[in-house]
file target27.pdb (PDB, C-alpha atoms, pLDDT in the B column)
MODEL        1
ATOM      1  CA  GLU A   1     -18.885   3.423   6.261  1.00 63.00           C
ATOM      2  CA  ARG A   2     -18.563   4.990   2.783  1.00 64.00           C
ATOM      3  CA  GLU A   3     -15.361   6.747   3.826  1.00 64.00           C
ATOM      4  CA  ARG A   4     -13.901   3.455   5.073  1.00 61.00           C
ATOM      5  CA  LYS A   5     -14.785   1.753   1.775  1.00 62.00           C
ATOM      6  CA  ARG A   6     -13.164   4.579  -0.202  1.00 66.00           C
ATOM      7  CA  GLU A   7     -10.011   4.295   1.907  1.00 63.00           C
ATOM      8  CA  LYS A   8      -9.869   0.529   1.351  1.00 62.00           C
ATOM      9  CA  GLU A   9     -10.289   1.057  -2.397  1.00 65.00           C
ATOM     10  CA  LYS A  10      -7.409   3.603  -2.381  1.00 61.00           C
ATOM     11  CA  GLU A  11      -5.129   1.166  -0.555  1.00 62.00           C
ATOM     12  CA  ARG A  12      -6.050  -1.604  -3.010  1.00 59.00           C
ATOM     13  CA  LYS A  13      -5.125   0.628  -5.959  1.00 60.00           C
ATOM     14  CA  ILE A  14      -1.821   1.554  -4.276  1.00 57.00           C
ATOM     15  CA  ARG A  15      -0.918  -2.123  -3.837  1.00 56.00           C
ATOM     16  CA  GLU A  16      -1.799  -2.813  -7.457  1.00 55.00           C
ATOM     17  CA  ARG A  17       0.371   0.126  -8.590  1.00 58.00           C
ATOM     18  CA  GLU A  18       3.324  -1.152  -6.551  1.00 55.00           C
ATOM     19  CA  ARG A  19       3.009  -4.625  -8.057  1.00 50.00           C
ATOM     20  CA  GLU A  20       2.877  -3.101 -11.520  1.00 53.00           C
ATOM     21  CA  CYS A  21       6.033  -1.069 -10.819  1.00 54.00           C
ATOM     22  CA  VAL A  22       8.182  -3.998  -9.784  1.00 49.00           C
ATOM     23  CA  TRP A  23       7.358  -6.232 -12.732  1.00 48.00           C
ATOM     24  CA  GLU A  24       6.642  -3.702 -15.430  1.00 53.00           C
ATOM     25  CA  ARG A  25      10.105  -4.108 -16.937  1.00 53.00           C
ATOM     26  CA  GLU A  26       9.683  -7.856 -17.290  1.00 51.00           C
ATOM     27  CA  LYS A  27       6.423  -7.306 -19.174  1.00 49.00           C
ATOM     28  CA  GLU A  28       8.174  -4.860 -21.504  1.00 57.00           C
ATOM     29  CA  LYS A  29      10.949  -7.368 -22.234  1.00 52.00           C
ATOM     30  CA  GLU A  30       8.415 -10.087 -22.945  1.00 53.00           C
ATOM     31  CA  GLY A  31       6.593  -7.794 -25.362  1.00 52.00           C
ATOM     32  CA  LYS A  32       9.832  -7.114 -27.252  1.00 55.00           C
ATOM     33  CA  ARG A  33      10.520 -10.835 -27.600  1.00 51.00           C
ATOM     34  CA  GLU A  34       7.069 -11.361 -29.086  1.00 52.00           C
ATOM     35  CA  LYS A  35       7.589  -8.552 -31.591  1.00 53.00           C
ATOM     36  CA  GLU A  36      10.830 -10.172 -32.715  1.00 54.00           C
ATOM     37  CA  GLY A  37       8.985 -13.299 -33.748  1.00 50.00           C
ATOM     38  CA  ASN A  38       9.462 -15.446 -30.670  1.00 47.00           C
ATOM     39  CA  LYS A  39       5.776 -15.989 -30.040  1.00 44.00           C
ATOM     40  CA  GLY A  40       6.097 -19.666 -30.807  1.00 43.00           C
ATOM     41  CA  ARG A  41       8.680 -20.366 -28.132  1.00 43.00           C
ATOM     42  CA  LYS A  42       7.275 -22.386 -25.230  1.00 40.00           C
ATOM     43  CA  ARG A  43       7.548 -20.900 -21.758  1.00 42.00           C
ATOM     44  CA  LYS A  44       6.994 -22.777 -18.542  1.00 42.00           C
ATOM     45  CA  GLY A  45       4.545 -21.157 -16.168  1.00 42.00           C
ATOM     46  CA  SER A  46       2.741 -17.826 -16.400  1.00 41.00           C
ATOM     47  CA  HIS A  47       4.465 -14.452 -16.718  1.00 35.00           C
ATOM     48  CA  LYS A  48       3.803 -13.648 -13.062  1.00 37.00           C
ATOM     49  CA  GLU A  49       5.109 -17.003 -11.845  1.00 36.00           C
ATOM     50  CA  ARG A  50       8.303 -16.660 -13.880  1.00 34.00           C
ATOM     51  CA  PHE A  51       8.916 -13.100 -12.686  1.00 34.00           C
ATOM     52  CA  GLU A  52       8.441 -13.944  -9.019  1.00 38.00           C
ATOM     53  CA  MET A  53      11.324 -16.424  -9.366  1.00 34.00           C
ATOM     54  CA  VAL A  54      13.717 -13.534 -10.203  1.00 43.00           C
ATOM     55  CA  GLU A  55      15.566 -12.329  -7.086  1.00 60.00           C
ATOM     56  CA  LYS A  56      15.238  -8.578  -6.645  1.00 79.00           C
ATOM     57  CA  LEU A  57      17.968  -6.302  -5.263  1.00 95.00           C
ATOM     58  CA  LEU A  58      16.110  -3.497  -3.520  1.00 97.00           C
ATOM     59  CA  VAL A  59      17.725  -0.521  -1.797  1.00 98.00           C
ATOM     60  CA  LEU A  60      15.743   1.885   0.391  1.00 98.00           C
ATOM     61  CA  ILE A  61      16.963   5.516   0.288  1.00 98.00           C
ATOM     62  CA  ILE A  62      15.548   7.429   3.256  1.00 98.00           C
ATOM     63  CA  GLY A  63      16.395  10.176   5.726  1.00 95.00           C
ATOM     64  CA  ASP A  64      15.656  13.378   7.668  1.00 95.00           C
ATOM     65  CA  MET A  65      13.062  11.873  10.017  1.00 95.00           C
ATOM     66  CA  HIS A  66      13.718  14.337  12.888  1.00 92.00           C
ATOM     67  CA  VAL A  67      11.834  12.107  15.348  1.00 91.00           C
ATOM     68  CA  PRO A  68      10.569  13.181  17.868  1.00 90.00           C
ATOM     69  CA  HIS A  69      11.537  16.863  17.588  1.00 90.00           C
ATOM     70  CA  ARG A  70       9.719  17.700  14.340  1.00 89.00           C
ATOM     71  CA  ALA A  71       7.593  14.574  13.761  1.00 89.00           C
ATOM     72  CA  ALA A  72       6.196  11.776  15.920  1.00 86.00           C
ATOM     73  CA  THR A  73       7.019   8.886  13.585  1.00 92.00           C
ATOM     74  CA  LEU A  74       6.834   7.721   9.961  1.00 95.00           C
ATOM     75  CA  PRO A  75       3.438   7.959   8.222  1.00 95.00           C
ATOM     76  CA  PRO A  76       1.399   4.745   8.760  1.00 94.00           C
ATOM     77  CA  LYS A  77       1.184   4.185   4.975  1.00 95.00           C
ATOM     78  CA  PHE A  78       4.977   4.171   4.728  1.00 96.00           C
ATOM     79  CA  LYS A  79       5.267   1.715   7.602  1.00 94.00           C
ATOM     80  CA  LYS A  80       2.832  -0.643   5.857  1.00 94.00           C
ATOM     81  CA  MET A  81       5.001  -0.554   2.734  1.00 95.00           C
ATOM     82  CA  LEU A  82       8.385  -0.972   4.442  1.00 95.00           C
ATOM     83  CA  VAL A  83       7.892  -4.512   5.683  1.00 90.00           C
ATOM     84  CA  PRO A  84      10.754  -6.793   6.799  1.00 92.00           C
ATOM     85  CA  GLY A  85      12.137  -9.338   4.343  1.00 90.00           C
ATOM     86  CA  LYS A  86      11.515  -7.414   1.107  1.00 93.00           C
ATOM     87  CA  ILE A  87      14.398  -4.903   1.048  1.00 96.00           C
ATOM     88  CA  GLN A  88      18.054  -5.947   1.113  1.00 97.00           C
ATOM     89  CA  HIS A  89      19.826  -2.644   1.884  1.00 98.00           C
ATOM     90  CA  VAL A  90      19.010   0.700   3.538  1.00 98.00           C
ATOM     91  CA  ILE A  91      20.902   3.944   2.889  1.00 98.00           C
ATOM     92  CA  CYS A  92      19.986   6.748   5.296  1.00 98.00           C
ATOM     93  CA  THR A  93      21.050  10.384   4.922  1.00 97.00           C
ATOM     94  CA  GLY A  94      20.919  10.973   8.683  1.00 94.00           C
ATOM     95  CA  ASN A  95      18.922  13.095  11.118  1.00 94.00           C
ATOM     96  CA  LEU A  96      17.128  10.073  12.500  1.00 93.00           C
ATOM     97  CA  CYS A  97      17.691  11.834  15.863  1.00 90.00           C
ATOM     98  CA  THR A  98      16.926   8.785  18.041  1.00 91.00           C
ATOM     99  CA  LYS A  99      18.229   5.253  18.526  1.00 91.00           C
ATOM    100  CA  GLU A 100      14.658   3.995  18.079  1.00 92.00           C
ATOM    101  CA  MET A 101      14.577   5.175  14.455  1.00 93.00           C
ATOM    102  CA  HIS A 102      17.897   3.444  13.770  1.00 94.00           C
ATOM    103  CA  ASP A 103      16.533   0.254  15.348  1.00 95.00           C
ATOM    104  CA  TYR A 104      13.443   0.543  13.148  1.00 95.00           C
ATOM    105  CA  LEU A 105      15.542   0.707   9.965  1.00 96.00           C
ATOM    106  CA  ARG A 106      17.367  -2.434  11.086  1.00 96.00           C
ATOM    107  CA  THR A 107      14.014  -4.261  11.121  1.00 96.00           C
ATOM    108  CA  VAL A 108      13.462  -3.277   7.469  1.00 96.00           C
ATOM    109  CA  ALA A 109      16.845  -4.686   6.305  1.00 96.00           C
ATOM    110  CA  SER A 110      19.892  -6.175   7.980  1.00 92.00           C
ATOM    111  CA  ASP A 111      22.350  -4.061   5.952  1.00 97.00           C
ATOM    112  CA  VAL A 112      21.882  -0.432   7.039  1.00 97.00           C
ATOM    113  CA  HIS A 113      24.222   2.452   6.139  1.00 97.00           C
ATOM    114  CA  VAL A 114      23.739   5.740   8.018  1.00 97.00           C
ATOM    115  CA  VAL A 115      25.663   9.011   7.983  1.00 96.00           C
ATOM    116  CA  CYS A 116      25.519  11.657  10.691  1.00 95.00           C
ATOM    117  CA  GLY A 117      23.140  14.567  10.251  1.00 92.00           C
ATOM    118  CA  ASP A 118      23.517  17.955  11.928  1.00 90.00           C
ATOM    119  CA  PHE A 119      20.781  17.056  14.470  1.00 86.00           C
ATOM    120  CA  ASP A 120      21.755  13.441  15.185  1.00 87.00           C
ATOM    121  CA  GLU A 121      22.416  12.511  18.802  1.00 82.00           C
ATOM    122  CA  ASN A 122      24.617   9.564  17.772  1.00 81.00           C
ATOM    123  CA  LYS A 123      27.884  11.193  16.709  1.00 84.00           C
ATOM    124  CA  ALA A 124      29.369   7.731  16.090  1.00 90.00           C
ATOM    125  CA  PHE A 125      27.806   7.744  12.625  1.00 94.00           C
ATOM    126  CA  PRO A 126      30.378   8.778   9.977  1.00 95.00           C
ATOM    127  CA  GLU A 127      29.964  12.120   8.225  1.00 95.00           C
ATOM    128  CA  VAL A 128      30.630  10.507   4.842  1.00 97.00           C
ATOM    129  CA  LYS A 129      30.441   6.896   3.719  1.00 97.00           C
ATOM    130  CA  VAL A 130      31.156   5.037   0.467  1.00 98.00           C
ATOM    131  CA  VAL A 131      29.608   1.605  -0.119  1.00 98.00           C
ATOM    132  CA  LYS A 132      29.301  -0.760  -3.085  1.00 97.00           C
ATOM    133  CA  ILE A 133      25.943  -2.394  -3.816  1.00 97.00           C
ATOM    134  CA  GLY A 134      25.078  -4.396  -6.926  1.00 95.00           C
ATOM    135  CA  GLY A 135      28.084  -3.196  -8.907  1.00 94.00           C
ATOM    136  CA  PHE A 136      27.435   0.494  -8.153  1.00 97.00           C
ATOM    137  CA  SER A 137      29.456   2.704  -5.807  1.00 97.00           C
ATOM    138  CA  PHE A 138      27.356   4.923  -3.541  1.00 98.00           C
ATOM    139  CA  GLY A 139      28.595   8.043  -1.784  1.00 98.00           C
ATOM    140  CA  ILE A 140      26.461   9.007   1.221  1.00 98.00           C
ATOM    141  CA  VAL A 141      26.488  12.398   2.945  1.00 97.00           C
ATOM    142  CA  HIS A 142      23.856  14.233   4.964  1.00 95.00           C
ATOM    143  CA  GLY A 143      24.208  17.370   2.851  1.00 92.00           C
ATOM    144  CA  HIS A 144      24.777  20.239   5.314  1.00 93.00           C
ATOM    145  CA  GLN A 145      28.473  20.010   4.345  1.00 91.00           C
ATOM    146  CA  VAL A 146      27.648  20.748   0.682  1.00 91.00           C
ATOM    147  CA  VAL A 147      27.382  24.508   0.144  1.00 90.00           C
ATOM    148  CA  PRO A 148      25.152  25.916  -1.260  1.00 93.00           C
ATOM    149  CA  TRP A 149      22.776  23.267   0.152  1.00 89.00           C
ATOM    150  CA  GLY A 150      21.292  21.082  -2.574  1.00 90.00           C
ATOM    151  CA  ASP A 151      23.116  22.945  -5.352  1.00 94.00           C
ATOM    152  CA  PRO A 152      23.712  20.633  -8.372  1.00 95.00           C
ATOM    153  CA  GLU A 153      27.196  22.045  -9.086  1.00 96.00           C
ATOM    154  CA  ALA A 154      28.295  21.711  -5.454  1.00 96.00           C
ATOM    155  CA  LEU A 155      26.932  18.148  -5.317  1.00 97.00           C
ATOM    156  CA  ALA A 156      28.807  17.295  -8.536  1.00 97.00           C
ATOM    157  CA  ILE A 157      32.085  18.506  -6.990  1.00 96.00           C
ATOM    158  CA  TYR A 158      31.420  16.322  -3.945  1.00 95.00           C
ATOM    159  CA  GLN A 159      30.632  13.334  -6.184  1.00 97.00           C
ATOM    160  CA  ARG A 160      33.913  13.753  -8.062  1.00 97.00           C
ATOM    161  CA  GLN A 161      35.854  13.941  -4.791  1.00 96.00           C
ATOM    162  CA  LEU A 162      34.321  10.645  -3.661  1.00 97.00           C
ATOM    163  CA  ASP A 163      34.604   9.140  -7.193  1.00 97.00           C
ATOM    164  CA  VAL A 164      31.241   7.328  -6.988  1.00 98.00           C
ATOM    165  CA  ASP A 165      28.536   6.341  -9.479  1.00 97.00           C
ATOM    166  CA  ILE A 166      25.664   7.552  -7.292  1.00 98.00           C
ATOM    167  CA  LEU A 167      25.672  10.350  -4.703  1.00 98.00           C
ATOM    168  CA  VAL A 168      22.995  10.207  -1.989  1.00 98.00           C
ATOM    169  CA  SER A 169      22.406  13.357   0.053  1.00 97.00           C
ATOM    170  CA  GLY A 170      19.658  14.942   2.133  1.00 96.00           C
ATOM    171  CA  HIS A 171      19.285  18.007   4.401  1.00 95.00           C
ATOM    172  CA  THR A 172      16.986  19.998   2.080  1.00 95.00           C
ATOM    173  CA  HIS A 173      13.983  17.736   2.870  1.00 95.00           C
ATOM    174  CA  THR A 174      13.063  17.978  -0.818  1.00 95.00           C
ATOM    175  CA  LEU A 175      12.844  14.877  -3.022  1.00 97.00           C
ATOM    176  CA  ASP A 176      15.194  15.083  -5.996  1.00 97.00           C
ATOM    177  CA  ILE A 177      16.447  12.663  -8.669  1.00 98.00           C
ATOM    178  CA  HIS A 178      18.740  13.978 -11.384  1.00 97.00           C
ATOM    179  CA  THR A 179      21.884  13.220 -13.382  1.00 97.00           C
ATOM    180  CA  LYS A 180      24.981  15.273 -14.098  1.00 96.00           C
ATOM    181  CA  ASP A 181      28.066  14.228 -16.065  1.00 95.00           C
ATOM    182  CA  SER A 182      26.608  10.708 -16.415  1.00 96.00           C
ATOM    183  CA  LYS A 183      26.305  10.274 -12.629  1.00 97.00           C
ATOM    184  CA  LEU A 184      23.118   9.796 -10.597  1.00 98.00           C
ATOM    185  CA  PHE A 185      22.165  12.089  -7.711  1.00 98.00           C
ATOM    186  CA  LEU A 186      19.487  11.107  -5.193  1.00 98.00           C
ATOM    187  CA  ASN A 187      17.851  13.073  -2.386  1.00 98.00           C
ATOM    188  CA  PRO A 188      15.031  11.131  -0.678  1.00 98.00           C
ATOM    189  CA  GLY A 189      13.588  14.195   1.053  1.00 96.00           C
ATOM    190  CA  SER A 190      12.133  13.795   4.542  1.00 97.00           C
ATOM    191  CA  ALA A 191      10.420  10.481   5.323  1.00 97.00           C
ATOM    192  CA  THR A 192       8.219  12.148   7.934  1.00 96.00           C
ATOM    193  CA  GLY A 193       7.565  15.429   6.131  1.00 94.00           C
ATOM    194  CA  ALA A 194       9.498  17.310   8.830  1.00 94.00           C
ATOM    195  CA  TYR A 195       9.808  21.050   8.280  1.00 88.00           C
ATOM    196  CA  SER A 196      13.161  22.433   7.172  1.00 81.00           C
ATOM    197  CA  GLY A 197      14.969  25.736   7.101  1.00 73.00           C
ATOM    198  CA  PHE A 198      13.628  26.160   3.570  1.00 74.00           C
ATOM    199  CA  SER A 199       9.944  25.372   4.068  1.00 74.00           C
ATOM    200  CA  SER A 200       7.290  24.167   6.502  1.00 79.00           C
ATOM    201  CA  ASP A 201       5.245  22.643   3.669  1.00 86.00           C
ATOM    202  CA  ILE A 202       7.121  19.345   3.159  1.00 93.00           C
ATOM    203  CA  LEU A 203       5.674  16.151   1.663  1.00 96.00           C
ATOM    204  CA  PRO A 204       6.802  12.878   3.318  1.00 97.00           C
ATOM    205  CA  SER A 205       8.934  10.970   0.794  1.00 97.00           C
ATOM    206  CA  PHE A 206      11.509   8.263   0.159  1.00 98.00           C
ATOM    207  CA  ILE A 207      13.136   6.452  -2.796  1.00 98.00           C
ATOM    208  CA  LEU A 208      13.284   2.725  -3.537  1.00 98.00           C
ATOM    209  CA  LEU A 209      15.922   1.424  -5.974  1.00 98.00           C
ATOM    210  CA  ASP A 210      15.612  -1.776  -7.987  1.00 97.00           C
ATOM    211  CA  ILE A 211      19.153  -2.623  -9.113  1.00 97.00           C
ATOM    212  CA  GLU A 212      19.704  -4.847 -12.152  1.00 94.00           C
ATOM    213  CA  GLU A 213      23.311  -5.811 -11.536  1.00 91.00           C
ATOM    214  CA  GLU A 214      23.930  -7.724 -14.776  1.00 90.00           C
ATOM    215  CA  LYS A 215      22.667  -4.829 -16.908  1.00 92.00           C
ATOM    216  CA  GLN A 216      24.252  -2.170 -14.663  1.00 94.00           C
ATOM    217  CA  ASN A 217      20.846  -0.553 -14.583  1.00 96.00           C
ATOM    218  CA  VAL A 218      18.973   1.251 -11.807  1.00 97.00           C
ATOM    219  CA  ILE A 219      15.227   1.748 -11.597  1.00 97.00           C
ATOM    220  CA  ALA A 220      14.267   4.363  -8.999  1.00 97.00           C
ATOM    221  CA  PHE A 221      10.747   4.659  -7.602  1.00 97.00           C
ATOM    222  CA  SER A 222       9.998   7.872  -5.721  1.00 98.00           C
ATOM    223  CA  TYR A 223       7.159   7.887  -3.198  1.00 98.00           C
ATOM    224  CA  GLN A 224       5.512  11.076  -1.953  1.00 97.00           C
ATOM    225  CA  LEU A 225       2.523  11.254   0.367  1.00 96.00           C
ATOM    226  CA  LYS A 226      -0.007  13.994  -0.255  1.00 93.00           C
ATOM    227  CA  SER A 227      -3.745  13.308  -0.017  1.00 89.00           C
ATOM    228  CA  SER A 228      -2.819  10.018  -1.710  1.00 93.00           C
ATOM    229  CA  LEU A 229       0.429   8.264  -2.572  1.00 96.00           C
ATOM    230  CA  ILE A 230       2.304   9.697  -5.575  1.00 96.00           C
ATOM    231  CA  VAL A 231       4.660   7.224  -7.281  1.00 97.00           C
ATOM    232  CA  ASP A 232       7.100   8.125 -10.083  1.00 97.00           C
ATOM    233  CA  LYS A 233       9.523   5.841 -11.908  1.00 97.00           C
ATOM    234  CA  TYR A 234      13.000   6.730 -13.198  1.00 97.00           C
ATOM    235  CA  GLU A 235      15.499   4.560 -15.082  1.00 97.00           C
ATOM    236  CA  TRP A 236      19.252   5.090 -15.332  1.00 97.00           C
ATOM    237  CA  GLY A 237      22.140   2.964 -16.575  1.00 95.00           C
ATOM    238  CA  LYS A 238      25.772   3.349 -15.564  1.00 93.00           C
ATOM    239  CA  GLY A 239      27.415   5.867 -17.888  1.00 88.00           C
ATOM    240  CA  ASN A 240      24.116   7.219 -19.239  1.00 93.00           C
ATOM    241  CA  ALA A 241      23.914  10.993 -19.472  1.00 90.00           C
ATOM    242  CA  ASN A 242      20.257  11.124 -18.450  1.00 93.00           C
ATOM    243  CA  CYS A 243      17.703   9.227 -16.432  1.00 92.00           C
ATOM    244  CA  THR A 244      14.294   8.722 -18.008  1.00 93.00           C
ATOM    245  CA  LYS A 245      11.052   9.317 -16.136  1.00 92.00           C
ATOM    246  CA  SER A 246       7.947   7.296 -16.922  1.00 83.00           C
TER     247      SER A 246
ENDMDL
END
call {"tool": "encode", "arguments": {"input": "target27.pdb", "output": "structure tokens"}}
result
Amino acid sequence: ERERKREKEKERKIRERERECVWEREKEKEGKREKEGNKGRKRKGSHKERFEMVEKLLVLIIGDMHVPHRAATLPPKFKKMLVPGKIQHVICTGNLCTKEMHDYLRTVASDVHVVCGDFDENKAFPEVKVVKIGGFSFGIVHGHQVVPWGDPEALAIYQRQLDVDILVSGHTHTLDIHTKDSKLFLNPGSATGAYSGFSSDILPSFILLDIEEEKQNVIAFSYQLKSSLIVDKYEWGKGNANCTKS
């Protein structure tokens, strides 16, 4: 009974953390307005009510499931988070390995972009894809074509060839968010924690982007599952040399 209560308390804290992540920026903006002497301005409704009226543009970055060969399915905690109707777009780096995993992603969002991994059964997926979402161009590639695998310089060459703002790749099964030459590079790792040619000790992970189209700004939340959920926040604007972690 105590263990069940502790688990419930952990899940409650996770939900609170997620809510804080998605409206933290609005709180920061409101604090700046107050510091500038706008405390006297009347606002209709509470902060939370006003923020919930803002339409969010959320993009799920996910990949390397390897179901059922290396993992049975996504972790239950991830499935609870990835509910239908909240996310607008899905970008997948491939190696879903089954039609069922593709069908699952289509329940999360109607707009799903998938590239072919080296273990995918569906060879109809393209090897490379370029899409535009929220004013940003995304290049998507599984990553086995980029040699050395996961190498920042090799990824930068690939990004320049595609001429995109953000390059999404996988294959290494290792979560990575970095910038180079004012471009953003994302690797969501393996959503199931499937072993790779590099390591058998892989943490399940994915990335969720909150795109602020008017500001040309991207907020990236990385999620890793260890004994508990680890959430990190990164912020990057188009043309910025670095992304900041908070």
call {"tool": "resolve_selection", "arguments": {"input": "target27.pdb", "expression": "the PyMOL selection byres ((chain A and resi 160-165) around 6)", "output": "list in words"}}
result
Ser137, Phe138, Gly139, Ile157, Tyr158, Gln159, Ile166 and Lys183 of chain A
call {"tool": "write_last_selection", "arguments": {"input": "target27.pdb", "atoms": "C-alpha atoms", "output": "CSV table (one decimal), in the coordinates of the input"}}
result
chain,number,residue,atom,x,y,z
A,137,SER,CA,29.5,2.7,-5.8
A,138,PHE,CA,27.4,4.9,-3.5
A,139,GLY,CA,28.6,8.0,-1.8
A,157,ILE,CA,32.1,18.5,-7.0
A,158,TYR,CA,31.4,16.3,-3.9
A,159,GLN,CA,30.6,13.3,-6.2
A,166,ILE,CA,25.7,7.6,-7.3
A,183,LYS,CA,26.3,10.3,-12.6
call {"tool": "closest_residue", "arguments": {"input": "target27.pdb", "among": "A:His113, A:His89, A:His171, A:Lys238", "to": "A:Ile140", "atoms": "all atoms listed in the file"}}
result
A:His113
call {"tool": "residues_around", "arguments": {"input": "target27.pdb", "residues": "A:Arg106", "least_positions_apart": "4", "cutoff": "12 Å", "atoms": "all atoms listed in the file", "output": "list in words"}}
result
Leu60, Leu82, Val83, Pro84, Gly85, Ile87, Gln88, His89, Val90, Ile91, Cys92, Lys99, Glu100, Met101, His102, Ser110, Asp111, Val112, His113 and Val114 of chain A
call {"tool": "atom_distance", "arguments": {"input": "target27.pdb", "atom1": "atom CA of A:Ser227", "atom2": "atom CA of A:Leu96"}}
result
24.6 Å
call {"tool": "atom_distance", "arguments": {"input": "target27.pdb", "atom1": "atom CA of A:Thr192", "atom2": "atom CA of A:Phe136"}}
result
27.6 Å
call {"tool": "closest_residue", "arguments": {"input": "target27.pdb", "among": "A:Ile61, A:Val115, A:Ile133, A:Val128", "to": "A:Glu212", "atoms": "only C-alpha atoms"}}
result
A:Ile133
call {"tool": "atom_distance", "arguments": {"input": "target27.pdb", "atom1": "atom CA of A:Leu167", "atom2": "atom CA of A:Lys123"}}
result
21.5 Å
call {"tool": "resolve_selection", "arguments": {"input": "target27.pdb", "expression": "the PyMOL selection byres ((chain A and resi 246) around 12)", "output": "list in words"}}
result
Cys21, Glu24, Arg25, Ile219, Ala220, Phe221, Ser222, Val231, Asp232, Lys233, Tyr234, Glu235, Trp236, Cys243, Thr244 and Lys245 of chain A
call {"tool": "decode", "arguments": {"input": "target27.pdb", "residues": "stretch 103-116 of chain A", "atoms": "N, CA and C atoms", "output": "PDB file, in the first residue's frame"}}
result
ATOM      1  N   ASP A 103       0.850   2.861 -36.868  1.00  0.00           N
ATOM      2  CA  ASP A 103      -0.562   3.126 -36.565  1.00  0.00           C
ATOM      3  C   ASP A 103      -0.708   3.824 -35.221  1.00  0.00           C
ATOM      4  N   TYR A 104       0.123   3.412 -34.247  1.00  0.00           N
ATOM      5  CA  TYR A 104       0.068   4.055 -32.929  1.00  0.00           C
ATOM      6  C   TYR A 104       0.415   5.540 -33.026  1.00  0.00           C
ATOM      7  N   LEU A 105       1.458   5.875 -33.772  1.00  0.00           N
ATOM      8  CA  LEU A 105       1.856   7.281 -33.910  1.00  0.00           C
ATOM      9  C   LEU A 105       0.742   8.101 -34.545  1.00  0.00           C
ATOM     10  N   ARG A 106      -0.013   7.478 -35.448  1.00  0.00           N
ATOM     11  CA  ARG A 106      -1.114   8.182 -36.105  1.00  0.00           C
ATOM     12  C   ARG A 106      -2.280   8.426 -35.154  1.00  0.00           C
ATOM     13  N   THR A 107      -2.321   7.734 -34.021  1.00  0.00           N
ATOM     14  CA  THR A 107      -3.335   8.047 -33.002  1.00  0.00           C
ATOM     15  C   THR A 107      -2.903   9.240 -32.149  1.00  0.00           C
ATOM     16  N   VAL A 108      -1.587   9.483 -32.086  1.00  0.00           N
ATOM     17  CA  VAL A 108      -1.066  10.603 -31.291  1.00  0.00           C
ATOM     18  C   VAL A 108      -1.303  11.920 -32.031  1.00  0.00           C
ATOM     19  N   ALA A 109      -1.082  11.930 -33.353  1.00  0.00           N
ATOM     20  CA  ALA A 109      -1.293  13.129 -34.181  1.00  0.00           C
ATOM     21  C   ALA A 109      -1.643  12.686 -35.595  1.00  0.00           C
ATOM     22  N   SER A 110      -2.391  13.517 -36.287  1.00  0.00           N
ATOM     23  CA  SER A 110      -2.796  13.162 -37.652  1.00  0.00           C
ATOM     24  C   SER A 110      -1.677  13.390 -38.660  1.00  0.00           C
ATOM     25  N   ASP A 111      -0.758  14.318 -38.360  1.00  0.00           N
ATOM     26  CA  ASP A 111       0.339  14.642 -39.268  1.00  0.00           C
ATOM     27  C   ASP A 111       1.602  13.931 -38.794  1.00  0.00           C
ATOM     28  N   VAL A 112       1.956  12.831 -39.458  1.00  0.00           N
ATOM     29  CA  VAL A 112       3.083  11.999 -39.038  1.00  0.00           C
ATOM     30  C   VAL A 112       4.089  11.897 -40.184  1.00  0.00           C
ATOM     31  N   HIS A 113       5.361  12.212 -39.885  1.00  0.00           N
ATOM     32  CA  HIS A 113       6.433  12.142 -40.870  1.00  0.00           C
ATOM     33  C   HIS A 113       7.448  11.088 -40.412  1.00  0.00           C
ATOM     34  N   VAL A 114       7.664  10.072 -41.240  1.00  0.00           N
ATOM     35  CA  VAL A 114       8.548   8.963 -40.888  1.00  0.00           C
ATOM     36  C   VAL A 114       9.572   8.755 -41.996  1.00  0.00           C
ATOM     37  N   VAL A 115      10.818   8.497 -41.615  1.00  0.00           N
ATOM     38  CA  VAL A 115      11.826   8.083 -42.586  1.00  0.00           C
ATOM     39  C   VAL A 115      12.185   6.624 -42.312  1.00  0.00           C
ATOM     40  N   CYS A 116      12.795   5.993 -43.294  1.00  0.00           N
ATOM     41  CA  CYS A 116      13.085   4.564 -43.210  1.00  0.00           C
ATOM     42  C   CYS A 116      14.383   4.308 -42.449  1.00  0.00           C
TER      43      CYS A 116
END
